[in-house]
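Structure below is start.cif: mmCIF, C-alpha atoms; chains and numbers go by the auth columns.
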```cif
data_entry
#
loop_
_atom_site.group_PDB
_atom_site.id
_atom_site.type_symbol
_atom_site.label_atom_id
_atom_site.label_comp_id
_atom_site.label_asym_id
_atom_site.label_seq_id
_atom_site.Cartn_x
_atom_site.Cartn_y
_atom_site.Cartn_z
_atom_site.B_iso_or_equiv
_atom_site.auth_seq_id
_atom_site.auth_asym_id
ATOM 1 C CA MET A 1 4.936 -50.086 -63.986 0.00 180 A
ATOM 2 C CA LYS A 2 4.963 -53.870 -63.898 0.00 181 A
ATOM 3 C CA LYS A 3 2.277 -55.872 -65.604 0.00 182 A
ATOM 4 C CA ASN A 4 0.273 -58.568 -63.829 0.00 183 A
ATOM 5 C CA THR A 5 2.157 -61.192 -65.882 0.00 184 A
ATOM 6 C CA ASP A 6 5.276 -60.347 -63.872 0.00 185 A
ATOM 7 C CA PHE A 7 3.619 -61.708 -60.722 0.00 186 A
ATOM 8 C CA SER A 8 2.808 -65.284 -59.769 0.00 187 A
ATOM 9 C CA ARG A 9 -0.797 -66.482 -59.698 0.00 188 A
ATOM 10 C CA GLU A 10 -0.640 -66.785 -55.928 0.00 189 A
ATOM 11 C CA HIS A 11 0.514 -63.177 -55.572 0.00 190 A
ATOM 12 C CA ILE A 12 -2.219 -61.906 -57.917 0.00 191 A
ATOM 13 C CA ALA A 13 -4.801 -63.900 -55.955 0.00 192 A
ATOM 14 C CA TYR A 14 -3.489 -62.429 -52.705 0.00 193 A
ATOM 15 C CA LEU A 15 -3.681 -58.839 -54.038 0.00 194 A
ATOM 16 C CA LYS A 16 -7.222 -59.496 -55.258 0.00 195 A
ATOM 17 C CA LYS A 17 -8.179 -60.835 -51.839 0.00 196 A
ATOM 18 C CA VAL A 18 -6.759 -57.736 -50.119 0.00 197 A
ATOM 19 C CA ARG A 19 -8.601 -55.428 -52.544 0.00 198 A
ATOM 20 C CA ASN A 20 -11.900 -57.285 -52.041 0.00 199 A
ATOM 21 C CA LYS A 21 -11.489 -57.107 -48.282 0.00 200 A
ATOM 22 C CA LYS A 22 -11.042 -53.319 -48.443 0.00 201 A
ATOM 23 C CA ILE A 23 -14.168 -53.028 -50.598 0.00 202 A
ATOM 24 C CA ILE A 24 -16.177 -55.147 -48.140 0.00 203 A
ATOM 25 C CA ILE A 25 -14.997 -53.020 -45.194 0.00 204 A
ATOM 26 C CA ASN A 26 -15.863 -49.723 -46.911 0.00 205 A
ATOM 27 C CA VAL A 27 -19.264 -50.954 -48.088 0.00 206 A
ATOM 28 C CA SER A 28 -20.028 -52.309 -44.606 0.00 207 A
ATOM 29 C CA ARG A 29 -19.176 -48.956 -43.049 0.00 208 A
ATOM 30 C CA CYS A 30 -21.500 -47.127 -45.441 0.00 209 A
ATOM 31 C CA MET A 31 -24.299 -49.638 -44.902 0.00 210 A
ATOM 32 C CA ILE A 32 -24.098 -49.321 -41.112 0.00 211 A
ATOM 33 C CA LEU A 33 -24.341 -45.527 -41.378 0.00 212 A
ATOM 34 C CA ILE A 34 -27.263 -45.743 -43.819 0.00 213 A
ATOM 35 C CA LEU A 35 -29.084 -48.206 -41.527 0.00 214 A
ATOM 36 C CA ILE A 36 -28.573 -46.027 -38.451 0.00 215 A
ATOM 37 C CA LEU A 37 -29.858 -42.910 -40.228 0.00 216 A
ATOM 38 C CA GLY A 38 -32.686 -44.845 -41.874 0.00 217 A
ATOM 39 C CA PHE A 39 -33.984 -46.397 -38.655 0.00 218 A
ATOM 40 C CA TRP A 40 -33.587 -43.069 -36.836 0.00 219 A
ATOM 41 C CA GLU A 41 -35.730 -41.307 -39.461 0.00 220 A
ATOM 42 C CA LEU A 42 -38.262 -44.166 -39.584 0.00 221 A
ATOM 43 C CA PHE A 43 -38.717 -44.335 -35.824 0.00 222 A
ATOM 44 C CA ALA A 44 -39.098 -40.544 -35.647 0.00 223 A
ATOM 45 C CA GLN A 45 -41.718 -40.523 -38.433 0.00 224 A
ATOM 46 C CA LEU A 46 -43.659 -43.377 -36.792 0.00 225 A
ATOM 47 C CA LYS A 47 -43.449 -41.619 -33.397 0.00 226 A
ATOM 48 C CA ILE A 48 -41.724 -44.651 -31.871 0.00 227 A
ATOM 49 C CA ILE A 49 -39.280 -42.083 -30.527 0.00 228 A
ATOM 50 C CA ASP A 50 -40.168 -38.475 -29.782 0.00 229 A
ATOM 51 C CA PRO A 51 -38.682 -36.344 -32.620 0.00 230 A
ATOM 52 C CA PHE A 52 -38.820 -33.276 -30.363 0.00 231 A
ATOM 53 C CA ILE A 53 -36.281 -34.918 -28.027 0.00 232 A
ATOM 54 C CA THR A 54 -34.237 -37.014 -30.463 0.00 233 A
ATOM 55 C CA SER A 55 -34.757 -34.963 -33.655 0.00 234 A
ATOM 56 C CA SER A 56 -34.354 -36.843 -36.954 0.00 235 A
ATOM 57 C CA PRO A 57 -32.040 -36.772 -39.993 0.00 236 A
ATOM 58 C CA SER A 58 -34.548 -34.770 -42.038 0.00 237 A
ATOM 59 C CA ARG A 59 -34.954 -32.179 -39.283 0.00 238 A
ATOM 60 C CA VAL A 60 -31.179 -31.980 -38.860 0.00 239 A
ATOM 61 C CA MET A 61 -30.793 -31.307 -42.594 0.00 240 A
ATOM 62 C CA LYS A 62 -33.486 -28.611 -42.465 0.00 241 A
ATOM 63 C CA THR A 63 -31.714 -26.943 -39.531 0.00 242 A
ATOM 64 C CA CYS A 64 -28.380 -27.013 -41.397 0.00 243 A
ATOM 65 C CA ALA A 65 -30.085 -25.509 -44.454 0.00 244 A
ATOM 66 C CA SER A 66 -31.617 -22.809 -42.252 0.00 245 A
ATOM 67 C CA LEU A 67 -28.216 -21.950 -40.746 0.00 246 A
ATOM 68 C CA TYR A 68 -26.749 -21.794 -44.245 0.00 247 A
ATOM 69 C CA ALA A 69 -29.555 -19.525 -45.433 0.00 248 A
ATOM 70 C CA ASP A 70 -28.943 -17.219 -42.455 0.00 249 A
ATOM 71 C CA GLY A 71 -25.273 -17.027 -43.378 0.00 250 A
ATOM 72 C CA THR A 72 -24.185 -18.269 -39.922 0.00 251 A
ATOM 73 C CA LEU A 73 -23.339 -21.902 -40.679 0.00 252 A
ATOM 74 C CA PHE A 74 -19.796 -21.417 -41.987 0.00 253 A
ATOM 75 C CA HIS A 75 -19.195 -18.617 -39.471 0.00 254 A
ATOM 76 C CA HIS A 76 -19.723 -21.021 -36.550 0.00 255 A
ATOM 77 C CA ILE A 77 -17.853 -23.843 -38.306 0.00 256 A
ATOM 78 C CA GLY A 78 -14.903 -21.557 -39.095 0.00 257 A
ATOM 79 C CA ILE A 79 -14.569 -20.344 -35.504 0.00 258 A
ATOM 80 C CA THR A 80 -14.619 -23.844 -34.017 0.00 259 A
ATOM 81 C CA LEU A 81 -12.217 -25.127 -36.678 0.00 260 A
ATOM 82 C CA MET A 82 -9.805 -22.280 -35.989 0.00 261 A
ATOM 83 C CA GLU A 83 -9.868 -22.860 -32.232 0.00 262 A
ATOM 84 C CA THR A 84 -9.487 -26.624 -32.590 0.00 263 A
ATOM 85 C CA PHE A 85 -6.718 -26.509 -35.192 0.00 264 A
ATOM 86 C CA LEU A 86 -4.639 -23.905 -33.351 0.00 265 A
ATOM 87 C CA GLY A 87 -5.048 -25.727 -30.042 0.00 266 A
ATOM 88 C CA PHE A 88 -4.168 -29.045 -31.695 0.00 267 A
ATOM 89 C CA LEU A 89 -1.094 -27.590 -33.401 0.00 268 A
ATOM 90 C CA ILE A 90 0.208 -25.864 -30.276 0.00 269 A
ATOM 91 C CA ALA A 91 -0.390 -28.957 -28.113 0.00 270 A
ATOM 92 C CA VAL A 92 1.399 -31.307 -30.530 0.00 271 A
ATOM 93 C CA VAL A 93 4.409 -29.051 -31.168 0.00 272 A
ATOM 94 C CA LEU A 94 4.834 -28.021 -27.534 0.00 273 A
ATOM 95 C CA GLY A 95 4.158 -31.542 -26.258 0.00 274 A
ATOM 96 C CA TYR A 96 6.726 -32.998 -28.663 0.00 275 A
ATOM 97 C CA ALA A 97 9.339 -30.434 -27.599 0.00 276 A
ATOM 98 C CA ILE A 98 8.741 -31.111 -23.901 0.00 277 A
ATOM 99 C CA ALA A 99 8.916 -34.876 -24.508 0.00 278 A
ATOM 100 C CA VAL A 100 12.291 -34.402 -26.246 0.00 279 A
ATOM 101 C CA ALA A 101 13.562 -32.372 -23.260 0.00 280 A
ATOM 102 C CA LEU A 102 12.388 -35.036 -20.807 0.00 281 A
ATOM 103 C CA TRP A 103 14.025 -37.775 -22.898 0.00 282 A
ATOM 104 C CA ALA A 104 17.292 -35.836 -23.059 0.00 283 A
ATOM 105 C CA SER A 105 17.458 -35.356 -19.280 0.00 284 A
ATOM 106 C CA ASP A 106 16.719 -38.359 -17.092 0.00 285 A
ATOM 107 C CA THR A 107 16.892 -36.163 -13.976 0.00 286 A
ATOM 108 C CA LEU A 108 14.379 -33.670 -15.389 0.00 287 A
ATOM 109 C CA ARG A 109 12.036 -36.503 -16.318 0.00 288 A
ATOM 110 C CA LYS A 110 12.103 -38.004 -12.831 0.00 289 A
ATOM 111 C CA VAL A 111 11.515 -34.590 -11.245 0.00 290 A
ATOM 112 C CA LEU A 112 8.583 -33.571 -13.477 0.00 291 A
ATOM 113 C CA GLU A 113 6.896 -36.946 -14.087 0.00 292 A
ATOM 114 C CA PRO A 114 4.700 -36.855 -10.926 0.00 293 A
ATOM 115 C CA TYR A 115 3.470 -33.362 -11.814 0.00 294 A
ATOM 116 C CA ILE A 116 2.643 -34.439 -15.367 0.00 295 A
ATOM 117 C CA VAL A 117 0.631 -37.400 -14.046 0.00 296 A
ATOM 118 C CA VAL A 118 -1.274 -35.162 -11.614 0.00 297 A
ATOM 119 C CA LEU A 119 -2.039 -32.610 -14.344 0.00 298 A
ATOM 120 C CA ASN A 120 -3.281 -35.393 -16.618 0.00 299 A
ATOM 121 C CA SER A 121 -5.708 -36.667 -13.967 0.00 300 A
ATOM 122 C CA LEU A 122 -6.988 -33.180 -13.117 0.00 301 A
ATOM 123 C CA PRO A 123 -10.509 -32.493 -14.496 0.00 302 A
ATOM 124 C CA LYS A 124 -9.807 -29.610 -16.865 0.00 303 A
ATOM 125 C CA ILE A 125 -13.382 -28.320 -16.776 0.00 304 A
ATOM 126 C CA ALA A 126 -12.780 -27.412 -13.114 0.00 305 A
ATOM 127 C CA LEU A 127 -10.202 -24.857 -14.266 0.00 306 A
ATOM 128 C CA GLY A 128 -12.783 -23.055 -16.418 0.00 307 A
ATOM 129 C CA PRO A 129 -13.439 -20.149 -13.985 0.00 308 A
ATOM 130 C CA LEU A 130 -9.697 -19.674 -13.456 0.00 309 A
ATOM 131 C CA ILE A 131 -9.053 -19.652 -17.206 0.00 310 A
ATOM 132 C CA ILE A 132 -11.675 -16.910 -17.635 0.00 311 A
ATOM 133 C CA ILE A 133 -10.025 -14.824 -14.894 0.00 312 A
ATOM 134 C CA TRP A 134 -6.487 -15.415 -16.187 0.00 313 A
ATOM 135 C CA ILE A 135 -7.024 -15.124 -19.946 0.00 314 A
ATOM 136 C CA GLY A 136 -10.417 -13.527 -20.465 0.00 315 A
ATOM 137 C CA THR A 137 -13.518 -14.500 -22.407 0.00 316 A
ATOM 138 C CA GLY A 138 -12.184 -14.452 -25.971 0.00 317 A
ATOM 139 C CA TYR A 139 -10.857 -17.070 -28.351 0.00 318 A
ATOM 140 C CA ASP A 140 -7.575 -17.244 -26.403 0.00 319 A
ATOM 141 C CA ALA A 141 -9.332 -18.869 -23.451 0.00 320 A
ATOM 142 C CA ILE A 142 -10.866 -21.574 -25.674 0.00 321 A
ATOM 143 C CA ILE A 143 -7.555 -22.270 -27.421 0.00 322 A
ATOM 144 C CA PHE A 144 -5.855 -22.461 -24.025 0.00 323 A
ATOM 145 C CA MET A 145 -8.442 -25.005 -22.862 0.00 324 A
ATOM 146 C CA THR A 146 -7.848 -27.044 -26.037 0.00 325 A
ATOM 147 C CA VAL A 147 -4.085 -27.049 -25.412 0.00 326 A
ATOM 148 C CA LEU A 148 -4.589 -27.921 -21.751 0.00 327 A
ATOM 149 C CA VAL A 149 -6.739 -30.951 -22.585 0.00 328 A
ATOM 150 C CA SER A 150 -4.397 -32.269 -25.301 0.00 329 A
ATOM 151 C CA ILE A 151 -0.822 -31.453 -24.305 0.00 330 A
ATOM 152 C CA ILE A 152 -0.298 -33.857 -21.384 0.00 331 A
ATOM 153 C CA VAL A 153 -1.337 -36.870 -23.466 0.00 332 A
ATOM 154 C CA CYS A 154 0.979 -35.701 -26.269 0.00 333 A
ATOM 155 C CA ILE A 155 3.894 -35.464 -23.813 0.00 334 A
ATOM 156 C CA MET A 156 3.267 -38.849 -22.212 0.00 335 A
ATOM 157 C CA ASN A 157 2.692 -40.694 -25.501 0.00 336 A
ATOM 158 C CA MET A 158 5.767 -39.250 -27.216 0.00 337 A
ATOM 159 C CA LEU A 159 7.964 -39.786 -24.161 0.00 338 A
ATOM 160 C CA SER A 160 6.862 -43.425 -24.015 0.00 339 A
ATOM 161 C CA GLY A 161 7.718 -43.769 -27.711 0.00 340 A
ATOM 162 C CA PHE A 162 11.189 -42.265 -27.186 0.00 341 A
ATOM 163 C CA ILE A 163 11.924 -44.511 -24.209 0.00 342 A
ATOM 164 C CA ALA A 164 10.696 -47.625 -26.044 0.00 343 A
ATOM 165 C CA VAL A 165 13.334 -47.324 -28.792 0.00 344 A
ATOM 166 C CA ASP A 166 15.507 -50.454 -29.065 0.00 345 A
ATOM 167 C CA LYS A 167 18.165 -50.338 -26.317 0.00 346 A
ATOM 168 C CA THR A 168 20.617 -52.245 -28.513 0.00 347 A
ATOM 169 C CA LYS A 169 20.497 -49.526 -31.156 0.00 348 A
ATOM 170 C CA LEU A 170 20.957 -46.855 -28.497 0.00 349 A
ATOM 171 C CA LEU A 171 24.007 -48.705 -27.164 0.00 350 A
ATOM 172 C CA LEU A 172 25.388 -48.962 -30.705 0.00 351 A
ATOM 173 C CA MET A 173 24.980 -45.200 -31.239 0.00 352 A
ATOM 174 C CA LYS A 174 26.657 -44.507 -27.914 0.00 353 A
ATOM 175 C CA SER A 175 29.580 -46.858 -28.701 0.00 354 A
ATOM 176 C CA MET A 176 30.117 -44.980 -31.980 0.00 355 A
ATOM 177 C CA GLY A 177 30.460 -41.713 -30.061 0.00 356 A
ATOM 178 C CA ALA A 178 27.135 -40.206 -31.196 0.00 357 A
ATOM 179 C CA SER A 179 25.945 -37.173 -29.244 0.00 358 A
ATOM 180 C CA LYS A 180 22.453 -36.830 -27.776 0.00 359 A
ATOM 181 C CA LEU A 181 21.450 -34.585 -30.670 0.00 360 A
ATOM 182 C CA THR A 182 22.750 -37.022 -33.289 0.00 361 A
ATOM 183 C CA THR A 183 21.034 -39.951 -31.555 0.00 362 A
ATOM 184 C CA LEU A 184 17.800 -37.987 -31.470 0.00 363 A
ATOM 185 C CA ARG A 185 18.004 -36.988 -35.129 0.00 364 A
ATOM 186 C CA LYS A 186 19.271 -40.278 -36.577 0.00 365 A
ATOM 187 C CA LEU A 187 17.536 -42.844 -34.348 0.00 366 A
ATOM 188 C CA ILE A 188 14.914 -41.602 -31.896 0.00 367 A
ATOM 189 C CA ILE A 189 12.824 -39.412 -34.222 0.00 368 A
ATOM 190 C CA PRO A 190 12.666 -41.907 -37.135 0.00 369 A
ATOM 191 C CA ALA A 191 12.004 -44.854 -34.802 0.00 370 A
ATOM 192 C CA SER A 192 9.176 -43.032 -33.008 0.00 371 A
ATOM 193 C CA LEU A 193 7.231 -41.988 -36.127 0.00 372 A
ATOM 194 C CA PRO A 194 4.480 -44.600 -35.512 0.00 373 A
ATOM 195 C CA THR A 195 4.104 -43.230 -31.982 0.00 374 A
ATOM 196 C CA LEU A 196 3.823 -39.700 -33.396 0.00 375 A
ATOM 197 C CA ILE A 197 1.034 -40.769 -35.759 0.00 376 A
ATOM 198 C CA ASN A 198 -0.842 -42.489 -32.916 0.00 377 A
ATOM 199 C CA THR A 199 -0.366 -39.377 -30.784 0.00 378 A
ATOM 200 C CA LEU A 200 -1.824 -37.208 -33.558 0.00 379 A
ATOM 201 C CA LYS A 201 -4.855 -39.495 -33.771 0.00 380 A
ATOM 202 C CA VAL A 202 -5.474 -39.217 -30.035 0.00 381 A
ATOM 203 C CA ALA A 203 -4.750 -35.479 -29.966 0.00 382 A
ATOM 204 C CA VAL A 204 -7.340 -34.807 -32.695 0.00 383 A
ATOM 205 C CA GLY A 205 -10.137 -36.180 -30.536 0.00 384 A
ATOM 206 C CA LEU A 206 -8.874 -34.397 -27.433 0.00 385 A
ATOM 207 C CA ALA A 207 -8.553 -31.103 -29.333 0.00 386 A
ATOM 208 C CA TRP A 208 -12.217 -31.256 -30.329 0.00 387 A
ATOM 209 C CA ILE A 209 -13.172 -32.073 -26.740 0.00 388 A
ATOM 210 C CA GLY A 210 -11.104 -29.156 -25.483 0.00 389 A
ATOM 211 C CA SER A 211 -12.487 -26.620 -27.936 0.00 390 A
ATOM 212 C CA ILE A 212 -16.101 -27.625 -27.293 0.00 391 A
ATOM 213 C CA MET A 213 -15.497 -27.581 -23.525 0.00 392 A
ATOM 214 C CA GLY A 214 -14.063 -24.103 -23.911 0.00 393 A
ATOM 215 C CA GLU A 215 -17.076 -22.980 -25.933 0.00 394 A
ATOM 216 C CA TYR A 216 -19.375 -24.412 -23.277 0.00 395 A
ATOM 217 C CA ILE A 217 -17.684 -22.217 -20.661 0.00 396 A
ATOM 218 C CA VAL A 218 -17.177 -19.015 -22.617 0.00 397 A
ATOM 219 C CA SER A 219 -18.131 -18.352 -26.222 0.00 398 A
ATOM 220 C CA LYS A 220 -20.391 -16.202 -28.352 0.00 399 A
ATOM 221 C CA ALA A 221 -20.038 -18.258 -31.519 0.00 400 A
ATOM 222 C CA GLY A 222 -19.004 -21.725 -32.646 0.00 401 A
ATOM 223 C CA LEU A 223 -20.564 -25.162 -32.717 0.00 402 A
ATOM 224 C CA GLY A 224 -20.237 -25.557 -28.954 0.00 403 A
ATOM 225 C CA TYR A 225 -22.114 -22.280 -28.531 0.00 404 A
ATOM 226 C CA LEU A 226 -24.894 -23.583 -30.796 0.00 405 A
ATOM 227 C CA ILE A 227 -25.164 -26.758 -28.700 0.00 406 A
ATOM 228 C CA VAL A 228 -25.385 -24.782 -25.448 0.00 407 A
ATOM 229 C CA TYR A 229 -27.835 -22.239 -26.896 0.00 408 A
ATOM 230 C CA GLY A 230 -29.985 -24.962 -28.455 0.00 409 A
ATOM 231 C CA GLY A 231 -30.167 -26.827 -25.151 0.00 410 A
ATOM 232 C CA GLN A 232 -31.118 -23.676 -23.237 0.00 411 A
ATOM 233 C CA VAL A 233 -34.026 -22.779 -25.538 0.00 412 A
ATOM 234 C CA PHE A 234 -34.993 -26.428 -26.221 0.00 413 A
ATOM 235 C CA LYS A 235 -34.097 -26.260 -29.918 0.00 414 A
ATOM 236 C CA LEU A 236 -32.876 -29.830 -29.954 0.00 415 A
ATOM 237 C CA ASP A 237 -32.788 -29.900 -33.759 0.00 416 A
ATOM 238 C CA LEU A 238 -30.071 -27.251 -33.491 0.00 417 A
ATOM 239 C CA VAL A 239 -28.207 -29.339 -30.889 0.00 418 A
ATOM 240 C CA MET A 240 -28.282 -32.432 -33.091 0.00 419 A
ATOM 241 C CA ALA A 241 -27.335 -30.447 -36.215 0.00 420 A
ATOM 242 C CA ALA A 242 -24.274 -28.942 -34.486 0.00 421 A
ATOM 243 C CA THR A 243 -23.338 -32.378 -33.130 0.00 422 A
ATOM 244 C CA PHE A 244 -23.677 -33.915 -36.605 0.00 423 A
ATOM 245 C CA ILE A 245 -21.408 -31.232 -38.091 0.00 424 A
ATOM 246 C CA LEU A 246 -18.886 -31.839 -35.304 0.00 425 A
ATOM 247 C CA CYS A 247 -18.800 -35.541 -36.181 0.00 426 A
ATOM 248 C CA LEU A 248 -18.127 -34.718 -39.839 0.00 427 A
ATOM 249 C CA LEU A 249 -15.334 -32.260 -39.012 0.00 428 A
ATOM 250 C CA ALA A 250 -13.674 -34.565 -36.473 0.00 429 A
ATOM 251 C CA GLY A 251 -13.876 -37.457 -38.936 0.00 430 A
ATOM 252 C CA GLY A 252 -12.356 -35.251 -41.638 0.00 431 A
ATOM 253 C CA MET A 253 -9.377 -34.269 -39.455 0.00 432 A
ATOM 254 C CA TYR A 254 -8.849 -37.899 -38.471 0.00 433 A
ATOM 255 C CA GLY A 255 -9.006 -38.876 -42.146 0.00 434 A
ATOM 256 C CA ILE A 256 -6.275 -36.356 -43.019 0.00 435 A
ATOM 257 C CA ILE A 257 -3.995 -37.878 -40.370 0.00 436 A
ATOM 258 C CA ALA A 258 -4.787 -41.367 -41.687 0.00 437 A
ATOM 259 C CA LEU A 259 -3.713 -40.232 -45.178 0.00 438 A
ATOM 260 C CA VAL A 260 -0.478 -38.807 -43.736 0.00 439 A
ATOM 261 C CA GLU A 261 0.122 -42.124 -41.978 0.00 440 A
ATOM 262 C CA LYS A 262 -0.370 -43.998 -45.242 0.00 441 A
ATOM 263 C CA ARG A 263 2.117 -41.760 -47.060 0.00 442 A
ATOM 264 C CA ILE A 264 4.704 -42.082 -44.274 0.00 443 A
ATOM 265 C CA SER A 265 4.321 -45.863 -44.067 0.00 444 A
ATOM 266 C CA LYS A 266 5.025 -46.107 -47.806 0.00 445 A
#
```

Will you turn the file into structure tokens for me?
Amino acid sequence: MKKNTDFSREHIAYLKKVRNKKIIINVSRCMILILILGFWELFAQLKIIDPFITSSPSRVMKTCASLYADGTLFHHIGITLMETFLGFLIAVVLGYAIAVALWASDTLRKVLEPYIVVLNSLPKIALGPLIIIWIGTGYDAIIFMTVLVSIIVCIMNMLSGFIAVDKTKLLLMKSMGASKLTTLRKLIIPASLPTLINTLKVAVGLAWIGSIMGEYIVSKAGLGYLIVYGGQVFKLDLVMAATFILCLLAGGMYGIIALVEKRISK
């Protein structure tokens, strides 16, 4: 490992500036969160807002503790995590494979592109009754909804990334006699890695939307079920607690992808 004496003063000053900027950003993020939670709790305690309707951080924490004491907290979290992760994984893998097939065949892409656009614009919640009839009322229906919400965006994003690869490089590969498979393996996949990372970031959010939508329609457990149940019986502390947990889990999954992006970029 090189010592600081191996670098110029200007370079050391630049690295220090970058490090300080990261610290400022992270501290600012934490301060904003603390202020939001602090004002929320303060306004609820002072009755500026109605804590029955808006809840408060302290009531959310009490509800989480109550769910933990009942032994149901991690049960609901585990079910929603399982549905979201499986739906996310299936959507990304299947969407990537379909995007590769569409890239490989220009004719196939032109034939299917209008249908993909129509499916993307279709409100997926409208298919809820059909999904129940086709698949049933179990976890499969929720996972299917998660895949349905995420897969079209995965296909379109990855296909755009494949098509956007430098045409000069493609021409060079073709002039060297490279096959479609070789071009895909040696050029298209490495060049589209940033697009893949961006697609994963988008798909994470859509997977959570899909799983919660599925739990709204048909579920007997999970965080979406808690939100629906809490709204029906006016336990808004339960609604806010489940929503808070969802934010933490979604942020955690996004953070994992951000770490993967950092490792790949290095």

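Of the residues listed (A:Pro230, A:Gly340, A:Pro236, A:Gly409), A:Gly409 shows the shortest atom-to-atom separation from Tyr395 (chain A); distances use all atoms listed in the file.
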
Report as a Markdown table: every residue of region 341-394 of chain A with an atom at most 10 Å from region 313-323 of chain A, its closest pair of atoms, and their distance in Å to one decimal, counting only C-alpha atoms, with rows sorted by chain and ascending residue number.
```
| residue | atom | partner | partner_atom | distance |
| --- | --- | --- | --- | --- |
| A:Ala386 | CA | A:Ile322 | CA | 9.1 |
| A:Gly389 | CA | A:Ile321 | CA | 7.6 |
| A:Ser390 | CA | A:Ile321 | CA | 5.8 |
| A:Ile391 | CA | A:Ile321 | CA | 8.2 |
| A:Met392 | CA | A:Ile321 | CA | 7.9 |
| A:Gly393 | CA | A:Ile321 | CA | 4.4 |
| A:Glu394 | CA | A:Ile321 | CA | 6.4 |
```

**Report entry** Non-local contacts of Ile304 (chain A) (9 Å; only C-alpha atoms; under 3 positions in same chain excluded) as a ChimeraX atom specification
**Finding:** /A:301,307-308,324,392-393,396

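In this model, the gap between CA of Tyr433 (chain A) and CA of Ile334 (chain A) comes to 19.6 Å.
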
Query raised in the report: Counting only C-alpha atoms, which residues come within 12 Å of (-29.1, -23.4, -40.5), with the point read in the file's coordinates, and could you list them as a ChimeraX atom specification?
Result: /A:238-256,402,405,416-421,424

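The spacing separating CA of Thr378 (chain A) from CA of Asp285 (chain A) amounts to 21.9 Å.
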
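Take CA of Leu363 (chain A) and CA of Gly266 (chain A): the distance between them is 26.0 Å.
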
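When only C-alpha atoms are used to compute distances to Ile435 (chain A), the closest of the residues A:Leu385, A:Leu379, A:Leu265, A:Leu260 turns out to be A:Leu379.
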
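Closest approach to Asn377 (chain A) among A:Ile211, A:Ile436, A:Ser187, A:Lys195: A:Ile436, based on all atoms listed in the file.
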
Query - Point (1.7, -31.2, -24.9), cut-off 12 Å, counting all atoms listed in the file, residues as a VMD selection string - result: chain A and resid 266 to 279 295 298 to 299 323 325 to 338 378 to 379 381 to 382 385 to 386

Would you save the residues of that selection, restricted to C-alpha atoms, as an mmCIF file, in the frame of the given file?
```cif
data_model
loop_
_atom_site.group_PDB
_atom_site.id
_atom_site.type_symbol
_atom_site.label_atom_id
_atom_site.label_comp_id
_atom_site.auth_asym_id
_atom_site.auth_seq_id
_atom_site.Cartn_x
_atom_site.Cartn_y
_atom_site.Cartn_z
ATOM 1 C CA GLY A 266 -5.048 -25.727 -30.042
ATOM 2 C CA PHE A 267 -4.168 -29.045 -31.695
ATOM 3 C CA LEU A 268 -1.094 -27.590 -33.401
ATOM 4 C CA ILE A 269 0.208 -25.864 -30.276
ATOM 5 C CA ALA A 270 -0.390 -28.957 -28.113
ATOM 6 C CA VAL A 271 1.399 -31.307 -30.530
ATOM 7 C CA VAL A 272 4.409 -29.051 -31.168
ATOM 8 C CA LEU A 273 4.834 -28.021 -27.534
ATOM 9 C CA GLY A 274 4.158 -31.542 -26.258
ATOM 10 C CA TYR A 275 6.726 -32.998 -28.663
ATOM 11 C CA ALA A 276 9.339 -30.434 -27.599
ATOM 12 C CA ILE A 277 8.741 -31.111 -23.901
ATOM 13 C CA ALA A 278 8.916 -34.876 -24.508
ATOM 14 C CA VAL A 279 12.291 -34.402 -26.246
ATOM 15 C CA ILE A 295 2.643 -34.439 -15.367
ATOM 16 C CA LEU A 298 -2.039 -32.610 -14.344
ATOM 17 C CA ASN A 299 -3.281 -35.393 -16.618
ATOM 18 C CA PHE A 323 -5.855 -22.461 -24.025
ATOM 19 C CA THR A 325 -7.848 -27.044 -26.037
ATOM 20 C CA VAL A 326 -4.085 -27.049 -25.412
ATOM 21 C CA LEU A 327 -4.589 -27.921 -21.751
ATOM 22 C CA VAL A 328 -6.739 -30.951 -22.585
ATOM 23 C CA SER A 329 -4.397 -32.269 -25.301
ATOM 24 C CA ILE A 330 -0.822 -31.453 -24.305
ATOM 25 C CA ILE A 331 -0.298 -33.857 -21.384
ATOM 26 C CA VAL A 332 -1.337 -36.870 -23.466
ATOM 27 C CA CYS A 333 0.979 -35.701 -26.269
ATOM 28 C CA ILE A 334 3.894 -35.464 -23.813
ATOM 29 C CA MET A 335 3.267 -38.849 -22.212
ATOM 30 C CA ASN A 336 2.692 -40.694 -25.501
ATOM 31 C CA MET A 337 5.767 -39.250 -27.216
ATOM 32 C CA LEU A 338 7.964 -39.786 -24.161
ATOM 33 C CA THR A 378 -0.366 -39.377 -30.784
ATOM 34 C CA LEU A 379 -1.824 -37.208 -33.558
ATOM 35 C CA VAL A 381 -5.474 -39.217 -30.035
ATOM 36 C CA ALA A 382 -4.750 -35.479 -29.966
ATOM 37 C CA LEU A 385 -8.874 -34.397 -27.433
ATOM 38 C CA ALA A 386 -8.553 -31.103 -29.333
#
```

**Report entry** Selected residue, from A:Leu372, A:Ile228, A:Ile342, A:Ala283, that lies nearest to Lys359 (chain A) when counting all atoms listed in the file
**Finding:** A:Ala283

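Distance annotation: of A:Leu360, A:Leu427, A:Ile227, A:Met432, the residue with the minimal separation from Ala280 (chain A) is A:Leu360; atom set is all atoms listed in the file.
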